[in-house]
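Everything on this sheet refers to the single structure shown next.
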Amino acid sequence: MSKRLGALLVAAAAAVALTVAGAALARGGAADCGDVVINENAWAGSTANVYVAKYVLEKNLGCDVEITKIAEIPVFQ
């Protein structure tokens, strides 16, 4: 159950990133959004979602994205 919840949270973050990117493109281009840190959990679904969100944030919004790898335990503390 805990892995499923974490995967849902990461998927939701990726969906938000895609929505924001679409809004930025509709405004006529990317703007510099600054620094963003995304936590990558230790399972494959998290990795896929994190790198999709990273790509969208960097290419469409001009963000500087840093990925931090974390274990499952800190997510639920």
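Letters A, B, ... go to the chains of the structure tokens in the order shown; residues in each chain start at 1; ligands are counted from 1 in the same order.
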List as a list in words the protein and nucleic acid residues near Lys54 in chain A, meaning an atom at most 9 Å away when only C-alpha atoms are counted, but skip any in the same chain fewer than 5 places from it.
Ala14, Ala17, Val36, Ile38, Asn49, Lys59, Cys63, Asp64, Val65, Glu66 and Ile67 of chain A
Quick one: distance from CA of Asn60 in chain A to CA of Trp43 in chain A in Å, one decimal?
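Going from CA of Asn60 in chain A over to CA of Trp43 in chain A covers 26.0 Å.
Atom pair CA of Val50 in chain A / CA of Gly34 in chain A has a distance of 17.4 Å (rounded to one decimal).
CA of Ala71 in chain A is positioned 9.5 Å from CA of Asn39 in chain A.
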